[in-house]
$ cat coords.cif   # mmCIF, C-alpha atoms
data_input
loop_
_atom_site.label_atom_id
_atom_site.label_comp_id
_atom_site.auth_asym_id
_atom_site.auth_seq_id
_atom_site.Cartn_x
_atom_site.Cartn_y
_atom_site.Cartn_z
CA MET A 1 12.27 13.56 10.09
CA ILE A 2 13.67 14.35 6.66
CA GLU A 3 11.65 16.82 4.64
CA THR A 4 11.46 15.02 1.30
CA GLN A 5 8.87 17.26 -0.24
CA LYS A 6 6.64 20.19 0.66
CA GLN A 7 3.45 18.82 2.14
CA PHE A 8 0.10 20.03 0.95
CA THR A 9 -1.16 22.69 3.34
CA GLY A 10 -4.12 24.18 1.53
CA GLY A 11 -2.16 26.82 -0.41
CA PRO A 12 -1.40 26.68 -4.13
CA ALA A 13 -0.95 23.02 -5.01
CA GLU A 14 2.33 21.85 -6.45
CA THR A 15 2.19 20.80 -10.08
CA ALA A 16 4.04 17.99 -11.82
CA VAL A 17 4.54 16.02 -14.99
CA LEU A 18 4.80 12.24 -14.83
CA VAL A 19 7.22 10.11 -16.83
CA ALA A 20 7.17 6.35 -17.49
CA LEU A 21 8.62 3.83 -19.92
CA VAL A 22 7.06 1.11 -22.05
CA THR A 23 9.59 -1.73 -21.99
CA GLN A 24 9.82 -5.41 -22.84
CA LYS A 25 8.61 -6.16 -19.31
CA GLN A 26 5.87 -3.52 -19.26
CA THR A 27 3.20 -3.13 -21.95
CA THR A 28 1.56 0.12 -23.07
CA GLU A 29 -1.63 -0.80 -21.20
CA GLN A 30 0.28 -1.57 -18.02
CA THR A 31 2.24 1.66 -18.28
CA LYS A 32 -0.99 3.64 -18.56
CA GLU A 33 -2.38 1.93 -15.45
CA TYR A 34 0.85 2.56 -13.56
CA LEU A 35 0.76 6.24 -14.53
CA ASP A 36 -2.84 6.48 -13.32
CA GLU A 37 -1.70 5.04 -10.01
CA LEU A 38 1.29 7.41 -9.92
CA ALA A 39 -1.10 10.33 -10.49
CA PHE A 40 -3.20 9.07 -7.56
CA LEU A 41 -0.05 8.91 -5.43
CA ALA A 42 0.79 12.46 -6.45
CA GLU A 43 -2.74 13.61 -5.60
CA THR A 44 -2.47 11.95 -2.19
CA SER A 45 0.73 13.93 -1.65
CA GLY A 46 -0.98 17.18 -2.66
CA ILE A 47 0.44 17.42 -6.20
CA VAL A 48 -1.62 18.16 -9.31
CA THR A 49 -0.61 16.26 -12.45
CA LYS A 50 -0.44 18.46 -15.55
CA LYS A 51 0.74 15.97 -18.17
CA THR A 52 2.16 12.47 -18.59
CA PHE A 53 4.98 11.37 -20.87
CA THR A 54 5.75 7.84 -22.03
CA GLN A 55 8.48 6.42 -24.22
CA LYS A 56 9.15 2.97 -25.67
CA LEU A 57 12.63 1.76 -24.77
CA GLU A 58 14.13 -1.67 -24.23
CA ARG A 59 15.50 -0.40 -20.94
CA ALA A 60 15.89 2.90 -19.11
CA ASP A 61 18.67 5.20 -20.33
CA THR A 62 21.51 4.96 -17.81
CA ARG A 63 22.09 8.73 -17.91
CA THR A 64 18.66 10.35 -18.00
CA PHE A 65 16.12 7.46 -17.75
CA VAL A 66 14.45 8.58 -21.03
CA GLY A 67 16.10 9.11 -24.40
CA LYS A 68 17.48 12.41 -25.67
CA GLY A 69 14.47 13.18 -27.87
CA LYS A 70 11.92 12.57 -25.10
CA LEU A 71 14.04 14.64 -22.70
CA GLU A 72 13.91 17.57 -25.13
CA GLU A 73 10.13 17.10 -25.51
CA ILE A 74 9.68 17.33 -21.74
CA GLN A 75 11.93 20.41 -21.60
CA THR A 76 9.91 22.13 -24.36
CA TYR A 77 6.64 21.44 -22.54
CA ILE A 78 7.97 22.75 -19.21
CA ILE A 79 9.19 25.99 -20.81
CA ASP A 80 5.64 26.73 -21.99
CA ASN A 81 3.92 25.14 -18.97
CA PRO A 82 6.04 25.67 -15.83
CA VAL A 83 5.72 22.94 -13.18
CA ASP A 84 7.27 22.38 -9.77
CA THR A 85 8.18 18.71 -10.03
CA ILE A 86 8.98 15.88 -12.43
CA ILE A 87 8.01 12.44 -11.12
CA PHE A 88 9.34 9.21 -12.63
CA ASP A 89 7.43 5.95 -12.22
CA ASP A 90 10.56 3.91 -11.47
CA ASP A 91 13.46 4.34 -9.10
CA LEU A 92 16.23 6.58 -10.40
CA THR A 93 19.92 5.92 -9.87
CA PRO A 94 22.08 8.63 -8.24
CA ALA A 95 23.65 9.36 -11.64
CA GLN A 96 20.24 9.74 -13.30
CA VAL A 97 19.06 12.10 -10.56
CA ARG A 98 22.21 14.18 -10.86
CA ASN A 99 21.91 14.46 -14.65
CA LEU A 100 18.20 15.21 -14.57
CA GLU A 101 18.60 17.91 -11.92
CA ALA A 102 21.34 19.48 -14.02
CA THR A 103 18.98 19.43 -17.02
CA PHE A 104 15.89 20.79 -15.31
CA LYS A 105 17.66 23.23 -12.95
CA ASP A 106 15.20 24.50 -10.32
CA ILE A 107 12.57 21.78 -10.88
CA LYS A 108 12.44 19.00 -8.30
CA VAL A 109 13.09 15.48 -9.55
CA LEU A 110 11.32 12.65 -7.70
CA ASP A 111 10.97 8.96 -8.33
CA ARG A 112 8.19 6.63 -7.25
CA SER A 113 9.92 5.50 -4.06
CA LEU A 114 10.56 9.04 -2.82
CA LEU A 115 6.94 9.97 -3.50
CA ILE A 116 5.71 6.95 -1.52
CA LEU A 117 8.12 7.77 1.31
CA ASN A 118 6.71 11.29 1.44
CA ILE A 119 3.14 9.95 1.73
CA PHE A 120 4.18 7.57 4.52
CA SER A 121 5.82 10.51 6.29
CA MET A 122 2.59 12.49 6.06
CA ARG A 123 0.47 9.58 7.29
CA ALA A 124 2.62 8.23 10.14
CA GLN A 125 0.99 8.93 13.49
CA THR A 126 2.61 6.67 16.09
CA ALA A 127 6.20 6.89 17.31
CA GLN A 128 6.93 3.50 15.78
CA ALA A 129 5.66 4.48 12.33
CA ARG A 130 7.55 7.78 12.40
CA VAL A 131 10.81 6.00 13.25
CA GLN A 132 10.18 3.41 10.53
CA VAL A 133 9.56 6.08 7.90
CA GLU A 134 12.55 8.20 8.93
CA LEU A 135 14.81 5.14 8.77
CA ALA A 136 13.52 4.31 5.29
CA GLN A 137 14.12 7.91 4.18
CA TYR A 138 17.73 7.91 5.37
CA GLN A 139 18.37 4.51 3.80
CA TYR A 140 16.98 5.84 0.54
CA MET A 141 19.05 9.03 0.76
CA TYR A 142 22.41 7.50 1.69
CA PRO A 143 23.46 6.16 -1.76
CA ARG A 144 22.24 9.41 -3.33
CA LEU A 145 24.30 11.79 -1.18
CA THR A 146 26.73 12.50 -4.00
CA ARG A 147 24.25 14.84 -5.64
CA MET A 148 23.69 16.91 -2.51
CA TRP A 149 27.03 18.71 -2.59
CA THR A 150 27.38 19.61 -6.26
CA HIS A 151 27.34 23.27 -5.27
CA LEU A 152 30.65 22.83 -3.42
CA SER A 153 33.97 23.14 -5.21
CA ARG A 154 35.89 19.99 -6.06
CA GLN A 155 39.40 21.33 -5.63
CA LYS A 156 42.18 19.13 -6.91
CA GLY A 157 45.12 18.68 -4.61
CA GLY A 158 48.21 16.60 -4.26
CA VAL A 159 48.35 12.93 -3.31
CA GLY A 160 46.02 12.28 -0.39
CA MET A 161 44.48 15.74 -0.65
CA ARG A 162 40.74 16.30 -0.97
CA GLY A 163 38.75 19.42 -1.78
CA PRO A 164 36.15 20.83 0.64
CA GLY A 165 33.36 19.20 -1.38
CA GLU A 166 34.74 15.73 -0.65
CA LYS A 167 35.25 16.60 3.01
CA GLU A 168 31.67 17.86 3.28
CA LEU A 169 30.39 14.73 1.59
CA GLU A 170 32.31 12.46 3.96
CA THR A 171 30.98 14.40 6.93
CA ASP A 172 27.44 14.08 5.65
CA ARG A 173 27.85 10.35 5.08
CA ARG A 174 29.01 9.89 8.66
CA ILE A 175 26.05 11.91 9.94
CA VAL A 176 23.62 9.77 7.92
CA GLN A 177 25.32 6.52 8.98
CA ASP A 178 25.14 7.57 12.63
CA ARG A 179 21.49 8.50 12.26
CA ILE A 180 20.67 5.17 10.57
CA ALA A 181 22.43 3.29 13.38
CA PHE A 182 20.56 5.33 16.01
CA LEU A 183 17.17 4.76 14.34
CA LYS A 184 17.81 1.03 13.97
CA GLU A 185 18.65 0.78 17.66
CA LYS A 186 15.55 2.78 18.56
CA LEU A 187 13.39 0.63 16.30
CA GLU A 188 14.79 -2.57 17.82
CA LYS A 189 13.76 -1.31 21.24
CA ILE A 190 10.25 -0.53 19.95
CA ASP A 191 10.15 -3.95 18.26
CA ARG A 192 10.95 -5.68 21.57
CA GLN A 193 8.10 -3.78 23.21
CA SER A 194 5.80 -4.73 20.33
CA GLN A 195 6.80 -8.38 20.60
CA THR A 196 5.93 -8.30 24.30
CA ARG A 197 2.50 -6.88 23.50
CA ARG A 198 1.94 -9.48 20.79
CA LYS A 199 2.91 -12.30 23.19
CA GLU A 200 0.23 -11.05 25.56
CA ARG A 201 -2.26 -11.60 22.72
CA ASP A 202 -1.17 -15.19 22.04
CA ARG A 203 -4.17 -16.53 23.89
CA LEU A 204 -6.52 -14.91 21.37
CA VAL A 205 -6.95 -15.77 17.71
CA ARG A 206 -5.41 -13.04 15.56
CA VAL A 207 -6.91 -12.01 12.21
CA SER A 208 -5.11 -9.53 9.94
CA LEU A 209 -6.55 -7.52 7.08
CA VAL A 210 -4.15 -7.43 4.13
CA GLY A 211 -4.46 -6.17 0.59
CA TYR A 212 -3.47 -3.62 -1.98
CA THR A 213 -3.69 -0.01 -0.87
CA ASN A 214 -7.10 1.68 -1.10
CA VAL A 215 -9.14 -1.52 -1.43
CA GLY A 216 -11.34 -0.80 1.60
CA LYS A 217 -9.54 -2.59 4.47
CA SER A 218 -10.18 0.21 6.97
CA THR A 219 -13.82 0.47 5.93
CA LEU A 220 -14.20 -3.28 6.45
CA MET A 221 -12.50 -2.90 9.83
CA ARG A 222 -15.09 -0.31 10.82
CA THR A 223 -17.91 -2.54 9.61
CA MET A 224 -16.68 -5.69 11.37
CA ALA A 225 -15.58 -4.05 14.62
CA LYS A 226 -18.19 -1.29 14.75
CA THR A 227 -15.56 1.23 15.72
CA ASP A 228 -14.09 4.43 14.37
CA VAL A 229 -11.07 3.67 12.22
CA PHE A 230 -9.70 6.27 9.82
CA ALA A 231 -10.69 5.51 6.25
CA GLU A 232 -10.22 7.73 3.21
CA ASN A 233 -10.28 7.30 -0.56
CA LYS A 234 -6.56 7.91 -0.85
CA LEU A 235 -3.55 5.66 -1.13
CA PHE A 236 -1.94 4.64 2.17
CA ALA A 237 -4.70 6.15 4.31
CA THR A 238 -3.54 3.65 6.94
CA VAL A 239 0.15 3.44 7.83
CA ASP A 240 -0.08 2.50 11.51
CA SER A 241 -1.47 -0.88 12.55
CA THR A 242 -4.83 -0.73 14.34
CA VAL A 243 -5.98 -3.61 16.56
CA ARG A 244 -9.52 -4.15 17.84
CA LYS A 245 -11.11 -6.96 19.82
CA VAL A 246 -14.16 -8.48 18.13
CA VAL A 247 -16.53 -11.26 19.22
CA LEU A 248 -18.35 -13.56 16.80
CA GLY A 249 -20.84 -15.84 18.56
CA ASN A 250 -18.99 -16.80 21.72
CA ILE A 251 -15.51 -16.55 20.19
CA PRO A 252 -13.36 -13.45 20.83
CA PHE A 253 -10.51 -12.58 18.47
CA LEU A 254 -8.24 -9.67 17.54
CA LEU A 255 -8.72 -7.93 14.19
CA THR A 256 -5.76 -5.93 12.84
CA ASP A 257 -5.78 -3.37 10.04
CA THR A 258 -2.34 -3.13 8.40
CA VAL A 259 -0.59 -0.94 5.85
CA GLY A 260 -1.61 -1.56 2.25
CA PHE A 261 0.75 -2.98 -0.35
CA ILE A 262 1.51 -1.47 -3.74
CA ARG A 263 3.50 -2.22 -6.89
CA LYS A 264 7.19 -1.35 -6.69
CA LEU A 265 6.99 -0.79 -2.93
CA PRO A 266 10.39 0.56 -1.84
CA THR A 267 12.50 -2.20 -0.30
CA THR A 268 13.66 0.23 2.38
CA LEU A 269 10.03 0.56 3.50
CA ILE A 270 9.55 -3.19 3.65
CA GLU A 271 12.70 -3.50 5.77
CA SER A 272 11.77 -0.57 8.02
CA PHE A 273 8.17 -1.75 8.49
CA LYS A 274 9.28 -5.24 9.52
CA SER A 275 7.70 -4.92 12.97
CA THR A 276 4.42 -3.70 11.47
CA LEU A 277 4.45 -6.58 8.99
CA ASP A 278 5.07 -8.91 11.93
CA GLU A 279 1.39 -8.39 12.72
CA VAL A 280 0.68 -10.14 9.42
CA ARG A 281 3.44 -12.73 9.80
CA GLU A 282 2.20 -13.78 13.25
CA ALA A 283 -1.52 -13.71 12.44
CA ASP A 284 -3.55 -16.93 12.55
CA ILE A 285 -5.90 -15.96 9.72
CA LEU A 286 -5.65 -13.44 6.87
CA LEU A 287 -8.47 -11.50 5.25
CA HIS A 288 -7.07 -10.66 1.81
CA VAL A 289 -9.24 -7.74 0.66
CA VAL A 290 -9.48 -7.04 -3.09
CA ASP A 291 -11.17 -4.14 -4.91
CA VAL A 292 -13.07 -6.18 -7.50
CA SER A 293 -14.22 -2.99 -9.26
CA HIS A 294 -10.63 -2.05 -10.14
CA PRO A 295 -9.62 -3.04 -13.69
CA SER A 296 -6.27 -4.40 -12.45
CA PHE A 297 -7.54 -6.27 -9.41
CA GLU A 298 -5.96 -9.56 -10.51
CA GLU A 299 -2.54 -7.93 -10.71
CA HIS A 300 -3.18 -6.45 -7.27
CA ILE A 301 -3.78 -9.98 -5.96
CA GLU A 302 -0.45 -11.08 -7.42
CA VAL A 303 1.39 -8.12 -5.85
CA VAL A 304 -0.05 -8.88 -2.41
CA ASN A 305 0.62 -12.62 -2.71
CA ALA A 306 4.22 -11.90 -3.72
CA THR A 307 4.70 -9.59 -0.72
CA LEU A 308 3.14 -12.18 1.61
CA ALA A 309 5.55 -14.76 0.22
CA ASP A 310 8.47 -12.36 0.85
CA ILE A 311 7.54 -12.04 4.52
CA LYS A 312 6.79 -15.79 4.80
CA ALA A 313 3.06 -15.37 5.44
CA ALA A 314 1.64 -16.87 2.23
CA GLU A 315 0.65 -20.25 3.68
CA LYS A 316 -1.72 -19.00 6.35
CA PRO A 317 -5.47 -19.76 6.28
CA THR A 318 -6.89 -16.97 4.12
CA ILE A 319 -10.26 -15.64 3.07
CA LEU A 320 -10.16 -13.87 -0.29
CA VAL A 321 -12.60 -10.97 0.17
CA PHE A 322 -13.69 -9.35 -3.09
CA ASN A 323 -14.86 -5.93 -1.91
CA LYS A 324 -16.74 -3.05 -3.59
CA VAL A 325 -19.27 -5.19 -5.46
CA ASP A 326 -21.53 -2.12 -5.25
CA GLN A 327 -19.14 -0.33 -7.61
CA PHE A 328 -18.61 -3.27 -9.95
CA VAL A 329 -20.13 -2.89 -13.43
CA PRO A 330 -20.09 -6.27 -15.15
CA LYS A 331 -18.60 -6.53 -18.60
CA GLU A 332 -20.25 -8.64 -21.26
CA GLU A 333 -18.31 -11.70 -20.22
CA TRP A 334 -19.34 -11.18 -16.59
CA ALA A 335 -23.06 -10.54 -17.01
CA PRO A 336 -25.55 -10.41 -19.90
CA GLU A 337 -25.75 -7.19 -21.82
CA TYR A 338 -29.31 -7.99 -22.95
CA ASP A 339 -32.45 -9.22 -21.25
CA GLU A 340 -33.66 -12.83 -21.42
CA GLU A 341 -35.50 -12.19 -24.68
CA GLY A 342 -32.26 -10.88 -26.15
CA ASP A 343 -33.86 -7.69 -27.44
CA GLU A 344 -33.60 -4.85 -24.94
CA PRO A 345 -30.18 -3.72 -23.60
CA LEU A 346 -29.91 -3.92 -19.85
CA ALA A 347 -29.24 -0.61 -18.11
CA VAL A 348 -25.94 -0.29 -16.28
CA ALA A 349 -27.79 0.01 -12.97
CA THR A 350 -29.67 -3.22 -13.65
CA ARG A 351 -26.47 -5.03 -14.59
CA ARG A 352 -24.83 -3.76 -11.42
CA LYS A 353 -27.65 -5.19 -9.31
CA THR A 354 -26.96 -8.60 -10.77
CA ALA A 355 -23.19 -8.27 -10.27
CA LEU A 356 -23.07 -10.18 -6.97
CA GLU A 357 -24.91 -13.19 -8.35
CA TYR A 358 -22.83 -13.33 -11.50
CA LEU A 359 -19.57 -12.87 -9.62
CA LYS A 360 -20.48 -15.93 -7.57
CA LYS A 361 -20.68 -17.93 -10.81
CA THR A 362 -17.32 -16.86 -12.20
CA TYR A 363 -13.85 -18.38 -12.00
CA LEU A 364 -13.08 -15.99 -9.12
CA THR A 365 -14.76 -18.40 -6.72
CA LYS A 366 -11.90 -20.82 -7.43
CA LYS A 367 -9.14 -18.28 -6.72
CA ALA A 368 -8.80 -19.60 -3.17
CA ASP A 369 -10.28 -22.15 -0.78
CA ASN A 370 -12.36 -19.45 0.89
CA VAL A 371 -13.86 -16.72 -1.31
CA VAL A 372 -16.58 -14.19 -0.55
CA PHE A 373 -17.99 -11.13 -2.38
CA ILE A 374 -19.04 -8.12 -0.30
CA SER A 375 -19.39 -4.37 -0.08
CA ALA A 376 -17.94 -3.05 3.17
CA GLN A 377 -19.45 0.36 2.43
CA THR A 378 -23.05 -0.80 1.91
CA ARG A 379 -22.69 -3.93 4.10
CA GLU A 380 -23.84 -6.12 1.23
CA ASN A 381 -23.22 -9.83 1.91
CA ILE A 382 -21.36 -9.07 5.16
CA GLU A 383 -23.20 -11.93 6.89
CA GLU A 384 -21.64 -14.47 4.53
CA LEU A 385 -18.19 -13.11 5.40
CA ARG A 386 -18.97 -13.33 9.11
CA ASP A 387 -20.15 -16.94 8.74
CA LEU A 388 -16.97 -17.92 6.90
CA LEU A 389 -14.70 -16.04 9.29
CA TYR A 390 -16.50 -17.52 12.31
CA LYS A 391 -15.76 -21.07 11.10
CA LEU A 392 -12.03 -20.37 10.73
CA VAL A 393 -11.76 -18.41 13.98
CA ARG A 394 -13.69 -21.09 15.88
CA GLU A 395 -11.43 -23.85 14.53
CA ARG A 396 -8.29 -22.00 15.59
CA HIS A 397 -9.82 -20.94 18.92
CA PHE A 398 -10.54 -24.55 19.92
CA GLN A 399 -6.95 -25.46 19.14
CA ILE A 400 -5.94 -22.93 21.79
CA TYR A 401 -8.81 -23.71 24.21
CA PRO A 402 -9.90 -27.33 23.65
CA ASN A 403 -12.14 -27.20 26.75
CA TRP A 404 -13.90 -23.95 25.83
CA LEU A 405 -17.62 -24.04 26.66
CA ASP A 406 -19.23 -23.81 23.23
CA ILE A 407 -22.38 -21.89 24.18
CA PRO A 408 -23.42 -18.80 22.14
CA LEU A 409 -23.68 -15.60 24.15
CA THR A 410 -27.32 -15.19 23.18
CA ASP A 411 -28.14 -13.16 26.30
CA PHE A 412 -26.08 -10.34 24.79
CA ALA A 413 -27.18 -10.85 21.18
CA GLU A 414 -28.46 -7.92 19.22
CA GLU A 415 -31.90 -8.34 17.71
CA GLY A 416 -31.63 -10.29 14.49
CA ASP A 417 -27.92 -11.00 15.05
CA GLY A 418 -27.13 -14.65 15.70
CA TYR A 419 -23.55 -13.86 16.65
CA GLY A 420 -24.13 -12.04 19.89
CA LEU A 421 -21.27 -9.70 20.73
CA GLU A 422 -19.94 -9.50 17.18
CA GLY A 423 -19.66 -5.77 17.51
CA ALA A 424 -17.96 -5.63 20.89
CA THR A 425 -14.65 -3.84 20.59
CA THR A 426 -11.77 -2.75 22.72
CA GLU A 427 -8.57 -1.07 21.68
CA ALA A 428 -5.78 -3.62 21.98
#
$ encode --input "coords.cif" --output "structure tokens"
Amino acid sequence: MIETQKQFTGGPAETAVLVALVTQKQTTEQTKEYLDELAFLAETSGIVTKKTFTQKLERADTRTFVGKGKLEEIQTYIIDNPVDTIIFDDDLTPAQVRNLEATFKDIKVLDRSLLILNIFSMRAQTAQARVQVELAQYQYMYPRLTRMWTHLSRQKGGVGMRGPGEKELETDRRIVQDRIAFLKEKLEKIDRQSQTRRKERDRLVRVSLVGYTNVGKSTLMRTMAKTDVFAENKLFATVDSTVRKVVLGNIPFLLTDTVGFIRKLPTTLIESFKSTLDEVREADILLHVVDVSHPSFEEHIEVVNATLADIKAAEKPTILVFNKVDQFVPKEEWAPEYDEEGDEPLAVATRRKTALEYLKKTYLTKKADNVVFISAQTRENIEELRDLLYKLVRERHFQIYPNWLDIPLTDFAEEGDGYGLEGATTEA
């Protein structure tokens, strides 16, 4: 696999400055949020952010992304505060990368896509995910190969003559093209095997967890399936799909945890992870998990919905799951700032306790046909989610098995649990 960036190994952490633009399509507030997310991506990759730079431009400079004055400002800062890397919040063109590397010499220049690719490379565990990531890396690198041989001479020759730099570049392009072709063929073979496995599951209802990265999908998976699934407060903690068998009442179904979505997700990743996204595309029901405590959760919903539309999975029966209500602190428009007498301010803790009830009274309940507010971490309101999911799973299950004997498996029920084997799991 391509080594895009030194991975964090416990030694001295790499340091970086982050750069973003405020444009006609991106406000100052949005840019700040995107930089916060970029810093979180950098942290996930083992990089410490030292400073952020923003500039207002109608569009990115075609040569250096930022203007000449801002470029000099970044150079001045780096002279006094040496860093290892400069990370840009948007994709850079090959020409921009070449010019920026010439400007900053020994400092690495990364864009958002390359940073995300590096995180995926670190997180990939299965053979399928590793092939998918490597393919995305090579597809990203191919149009940028021109900058990799600037150290070679560009000798001018007669008609039809090329210098060794051009020859080396052509050789490298052929190597990359051959590798891309090999990985695509390998991935197609893995896809065929995956399709066979998915066909074997056609007789069970399939439910997929989808959502923005780091919204708590894996934690909810652990709560629903009562099984150990890796969960961490970092972006893209889950890259590989995880499937578990769950039983609600007398209805068995498969629950799948999938890779999280994110703004400006590299198109090469979407293409490479087609087979993984097939788990979502072929699901019967979607659990769209949202971190309601995040200030930009509504934009996150739009990002996920747009991605679902891209993969033709937007019309599936969906439950909109607003997670992390335990971390939600209501604003004045969400919950009262004062007590009923209107005199004493309510403490933040008190307002948080009332968050669930007030959220149920807001416009968020009309965001979808099926909406529920929960905390996967504290298990708050999980029973309501199970009730709602059971109704949808049961409806789909009886379409597959119209003669199914509709008798709850009460002999196996846990005390106080009306669903019986809701926690039964097997690795699918």
$ closest_residue --input "coords.cif" --among "A:Glu14, A:Asp310, A:Glu73, A:Asp291" --to "Gln377 (chain A)" --atoms "only C-alpha atoms"
A:Asp291
$ closest_residue --input "coords.cif" --among "A:Ile301, A:Arg396, A:Ala314, A:Leu388" --to "Leu364 (chain A)" --atoms "only C-alpha atoms"
A:Ile301
$ closest_residue --input "coords.cif" --among "A:Leu356, A:Val371, A:Ala313, A:Leu204" --to "His397 (chain A)" --atoms "only C-alpha atoms"
A:Leu204
$ closest_residue --input "coords.cif" --among "A:Val131, A:Leu35, A:Ile87, A:Val215" --to "Ile190 (chain A)" --atoms "only C-alpha atoms"
A:Val131
$ axis_aligned_box --input "coords.cif" --around "region 112-131 of chain A" --padding-each-side "3 Å" --output "lines of an AutoDock Vina configuration file"
center_x = 5.6
center_y = 8.0
center_z = 5.0
size_x = 16.3
size_y = 15.0
size_z = 30.6
$ atom_distance --input "coords.cif" --atom1 "CA of Val393 (chain A)" --atom2 "CA of Val205 (chain A)"
6.6 Å
$ closest_residue --input "coords.cif" --among "A:Thr44, A:Thr362, A:Thr126, A:Thr62" --to "Gln96 (chain A)" --atoms "all atoms listed in the file"
A:Thr62
$ atom_distance --input "coords.cif" --atom1 "CA of Tyr401 (chain A)" --atom2 "CA of Leu286 (chain A)"
20.4 Å
$ build_atoms --input "coords.cif" --residues "region 383-395 of chain A" --atoms "N, CA, C and O atoms" --output "mmCIF file, in the frame of the given file"
data_model
loop_
_atom_site.group_PDB
_atom_site.id
_atom_site.type_symbol
_atom_site.label_atom_id
_atom_site.label_comp_id
_atom_site.auth_asym_id
_atom_site.auth_seq_id
_atom_site.Cartn_x
_atom_site.Cartn_y
_atom_site.Cartn_z
ATOM 1 N N GLU A 383 -22.884 -10.756 6.062
ATOM 2 C CA GLU A 383 -23.200 -11.930 6.890
ATOM 3 C C GLU A 383 -22.486 -13.175 6.389
ATOM 4 O O GLU A 383 -22.044 -14.009 7.181
ATOM 5 N N GLU A 384 -22.344 -13.308 5.072
ATOM 6 C CA GLU A 384 -21.640 -14.470 4.530
ATOM 7 C C GLU A 384 -20.169 -14.439 4.953
ATOM 8 O O GLU A 384 -19.575 -15.476 5.276
ATOM 9 N N LEU A 385 -19.572 -13.246 4.940
ATOM 10 C CA LEU A 385 -18.190 -13.110 5.400
ATOM 11 C C LEU A 385 -18.070 -13.477 6.861
ATOM 12 O O LEU A 385 -17.140 -14.191 7.269
ATOM 13 N N ARG A 386 -19.010 -13.017 7.676
ATOM 14 C CA ARG A 386 -18.970 -13.330 9.110
ATOM 15 C C ARG A 386 -19.095 -14.841 9.344
ATOM 16 O O ARG A 386 -18.401 -15.398 10.192
ATOM 17 N N ASP A 387 -19.990 -15.491 8.599
ATOM 18 C CA ASP A 387 -20.150 -16.940 8.740
ATOM 19 C C ASP A 387 -18.840 -17.667 8.434
ATOM 20 O O ASP A 387 -18.416 -18.568 9.168
ATOM 21 N N LEU A 388 -18.210 -17.272 7.321
ATOM 22 C CA LEU A 388 -16.970 -17.920 6.900
ATOM 23 C C LEU A 388 -15.845 -17.644 7.882
ATOM 24 O O LEU A 388 -15.078 -18.549 8.250
ATOM 25 N N LEU A 389 -15.744 -16.399 8.334
ATOM 26 C CA LEU A 389 -14.700 -16.040 9.290
ATOM 27 C C LEU A 389 -14.923 -16.748 10.626
ATOM 28 O O LEU A 389 -13.965 -17.217 11.265
ATOM 29 N N TYR A 390 -16.184 -16.848 11.044
ATOM 30 C CA TYR A 390 -16.500 -17.520 12.310
ATOM 31 C C TYR A 390 -16.018 -18.969 12.310
ATOM 32 O O TYR A 390 -15.450 -19.454 13.293
ATOM 33 N N LYS A 391 -16.192 -19.665 11.191
ATOM 34 C CA LYS A 391 -15.760 -21.070 11.100
ATOM 35 C C LYS A 391 -14.249 -21.182 11.283
ATOM 36 O O LYS A 391 -13.769 -22.055 12.016
ATOM 37 N N LEU A 392 -13.485 -20.304 10.621
ATOM 38 C CA LEU A 392 -12.030 -20.370 10.730
ATOM 39 C C LEU A 392 -11.548 -19.949 12.112
ATOM 40 O O LEU A 392 -10.638 -20.570 12.679
ATOM 41 N N VAL A 393 -12.146 -18.873 12.652
ATOM 42 C CA VAL A 393 -11.760 -18.410 13.980
ATOM 43 C C VAL A 393 -12.087 -19.463 15.032
ATOM 44 O O VAL A 393 -11.286 -19.741 15.929
ATOM 45 N N ARG A 394 -13.261 -20.064 14.915
ATOM 46 C CA ARG A 394 -13.690 -21.090 15.880
ATOM 47 C C ARG A 394 -12.743 -22.287 15.857
ATOM 48 O O ARG A 394 -12.352 -22.804 16.908
ATOM 49 N N GLU A 395 -12.345 -22.717 14.656
ATOM 50 C CA GLU A 395 -11.430 -23.850 14.530
ATOM 51 C C GLU A 395 -10.094 -23.556 15.223
ATOM 52 O O GLU A 395 -9.571 -24.397 15.964
#
